[in-house]
Amino acid sequence: MSTGPRPLWEAWAKSVPPLARTSTREPCPDPVATATHLARARLADQYMVYETEGGVWHFAAGSAVDVTATATGITARAAGRSWTSRTDGKPLTAFTAALGALRAAGEDGTARHFYGWAAFELAHLLHADPAATGDRPLLHVLVPSVEVTLAADRTVVRAVDEAWLRKVADLLAEHPGQRAPVVGGPASGSTEAVVAAGSAAYGRAVARTVADIRAGLLEKAVVSRRVPLPAGPRADFPATYLAGRRANTPARSYLLDLGGYRAAGFSPETVLEVGVDGRVSTQPLAGTRAYGADPAENERRRVELLTDPKEIHEHAVSVRLAFEEMAAVCRSGSVAVEEFMAVRPRGSVQHLASRVTGRLRDGAGPWDAFASLFPAITATGVSKRAALQALARHEDGPRGLYGGAVFRGGTDGALDAALVLRTLIGAGEEEWLRAGAGVTAQSSPAREIEETCEKLRSVAPYLRFTREPSDTADIAP
């Protein structure tokens with residue numbers, strides 16, 4: 001990708017304070033509770049918790065250093081100043097240039113990490129109709145003032161100064177439950193009411209999409225429905241994250257208040273994972289059945305999933321396109337399907353899962369791979385362009401964070417991006433869930449409605465809400 005206005009980004013990067021202080025401590029016995037505790041402390045007005053492979057949690061917080069890009073402009077902040085530039089319809093190119101300058105500004109060779117998100121509507125600029133992109137932010141990244149890594153063998157704190165180290169040390173010394181407010185969860189009846197909201201309109205959207213597919217306009221589309229939370233107490237995102245993570249088995253999880261979005265999510269798959277050695281992989285999941293407490297019923301559904309022609313077709317076309325998108329940025333002959341049609345439990349559902357891997361070709365970096373693979377094929381459809389056009393016709397407004405990505409990256413070339421599904425999302429005064437299903441020529445509206453309900457049950461039962469201290473009825477354990 002082009003470097004953009006290099007002097008501009010060099011000036012910004014030189015104003016970003018380094019994480020000059022490091023402290024290594026004993027491991028925390030309950031890292032997810034500790035990470036949630038750090039988030040609840042509100043050390044700064046932006047933060048993210050991001051769980052990576054192997055049960056490692058990362059917490060990042062800050063407010064003064066970030067980058068935000070729209071279809072037309074990009075703004076970077078540091079040291080109380082702002083740097084702005086046009087993007088000319090290529091926000092990812094400008095975004096990449098800014099982060100590249102951050103790498104060049106490093107003095108000690110230590111990788112600097114950044115945390116951010118990409119909105120689904122970025123897809124229209126990359127693959128479909130730029131006019132459908134809108135004027136909202138498409139990319140946002142935080143370069144933190146403090147970063148905490150909670151691993152099985154140790155806890156590492158990196159910060160811009162001693163004051164930040166002391167703040168985190170004090171929080172780590174507290175019991176994780178000390179700052180937790182009184183919260184309540186929904187009763188089972190209200191959970192099912194949330195899950196079922198808007199299902200009739202969704203069924204009609206599925207039927208229209210099936211008609212498009214049978215008319216030859218596309219092969220598959222992942223049609224979703226938005227489920228606003230009912231009026232009442234506000235959602236408690238840290239408490240929802242902690243309760244949901246205890247009950248889910250995600251590929252990645254995240255909790256954030258960043259760039260105008262709040263989110264607590266349990267992602268079933270990654271959009272991509274890029275190592276510092278150039279190895280890149282993606283993990284398409286497509287094909288779904290419910291997963292519950294009865295092992296015999298789970299096994300029956302697993303067998304059903306593996307033999308259902310609609311589910312197998314949906315999965316196979318997703319893997320085929322993921323392979324093609326990987327081949328576009330990888331060395332010739334390096335792309336392989338390392339795993340095909342395994343069954344993975346993910347909270348309240350089980351999915352057909354595959355993994356496609358490769359090695360980045362010379363001259364390609366992690367954001368080139370991101371541009372090729374984003375958004376995940378399992379959140380859009382086949383072909384991606386035709387599916388995006390179908391979603392614009394049949395879904396109820398822009399998706400925003402849903403179907404996009406939440407990521408953690410480094411100036412060493414590493415990038416780990418989770419697909420935003422199974423997520424409680426908030427922006428301004430609104431809070432909502434969203435779920436979708438892969439629609440093919442064999443789809444029935446009733447089954448796709450059922451599938452969205454199954455997926456929503458990965459989050460809805462674990463919603464937690466702020467309560468007045470005197471209101472202790474129906475308090476969740």
# chains A, B, ... in the order shown; residues from 1 in each chain; ligands from 1
>>> closest_atom_pairs(of="stretch 220-313 of chain A", to="stretch 410-433 of chain A", cutoff="12 Å", atoms="only C-alpha atoms", output="CSV")
residue,atom,partner,partner_atom,distance
A:Ser224,CA,A:Leu433,CA,10.4
A:Arg225,CA,A:Leu433,CA,8.6
A:Arg226,CA,A:Leu433,CA,6.1
A:Val227,CA,A:Leu433,CA,5.0
A:Pro228,CA,A:Trp432,CA,4.2
A:Leu229,CA,A:Trp432,CA,5.2
A:Pro230,CA,A:Glu431,CA,8.8
A:Ala231,CA,A:Glu430,CA,9.5
A:Gly232,CA,A:Glu431,CA,11.0
A:Pro233,CA,A:Glu431,CA,10.9
A:Arg234,CA,A:Glu431,CA,8.2
A:Ala235,CA,A:Glu431,CA,7.5
A:Asp236,CA,A:Leu424,CA,10.1
A:Phe237,CA,A:Leu424,CA,7.8
A:Pro238,CA,A:Leu424,CA,10.7
A:Ala239,CA,A:Leu424,CA,11.6
A:Thr240,CA,A:Leu424,CA,8.3
A:Tyr241,CA,A:Leu424,CA,8.8
A:Gly244,CA,A:Thr423,CA,9.8
A:Arg245,CA,A:Arg422,CA,11.1
A:Asn248,CA,A:Arg422,CA,10.0
A:Thr249,CA,A:Arg422,CA,11.3
A:Pro250,CA,A:Arg422,CA,9.3
A:Ala251,CA,A:Ala418,CA,8.1
A:Arg252,CA,A:Ala418,CA,6.3
A:Ser253,CA,A:Ala418,CA,8.0
A:Tyr254,CA,A:Ala418,CA,8.8
A:Leu255,CA,A:Thr423,CA,9.5
A:Leu256,CA,A:Ile425,CA,9.6
A:Asp257,CA,A:Gly426,CA,9.0
A:Leu258,CA,A:Ala427,CA,10.1
A:Gly259,CA,A:Ala427,CA,9.6
A:Gly260,CA,A:Ala427,CA,6.1
A:Tyr261,CA,A:Ala427,CA,5.0
A:Arg262,CA,A:Gly426,CA,4.8
A:Ala263,CA,A:Ile425,CA,4.5
A:Ala264,CA,A:Leu424,CA,5.3
A:Gly265,CA,A:Thr423,CA,3.9
A:Phe266,CA,A:Arg422,CA,5.5
A:Ser267,CA,A:Leu421,CA,5.4
A:Pro268,CA,A:Leu421,CA,7.2
A:Glu269,CA,A:Leu419,CA,6.0
A:Thr270,CA,A:Ala418,CA,4.3
A:Val271,CA,A:Leu419,CA,5.4
A:Leu272,CA,A:Ala417,CA,5.6
A:Glu273,CA,A:Asp416,CA,4.6
A:Val274,CA,A:Leu415,CA,5.0
A:Gly275,CA,A:Ala414,CA,4.8
A:Val276,CA,A:Ala414,CA,5.0
A:Asp277,CA,A:Gly413,CA,8.2
A:Gly278,CA,A:Gly413,CA,7.9
A:Arg279,CA,A:Ala414,CA,9.4
A:Val280,CA,A:Leu415,CA,9.2
A:Ser281,CA,A:Asp416,CA,9.8
A:Thr282,CA,A:Ala417,CA,9.6
A:Gln283,CA,A:Leu419,CA,9.9
A:Pro284,CA,A:Leu419,CA,10.0
A:Leu285,CA,A:Leu419,CA,10.6
>>> select_by_dssp(residues="stretch 131-348 of chain A", states="strand (DSSP E)", output="VMD selection string")
chain A and resid 139 to 142 146 to 150 155 to 159 183 to 184 220 to 228 252 to 258 261 to 267 270 to 274 279 to 282 285 to 290 336 to 346
>>> closest_residue(among="A:Ser199, A:Thr466, A:Asn298, A:Thr93", to="A:Ala446", atoms="only C-alpha atoms")
A:Ser199
>>> residues_around(residues="A:Ala33", least_positions_apart="4", cutoff="9 Å", atoms="only C-alpha atoms", output="ChimeraX atom specification")
/A:37-38,176-177,242
>>> closest_residue(among="A:Arg136, A:His175, A:Arg81, A:Arg21", to="A:Val156", atoms="only C-alpha atoms")
A:Arg21
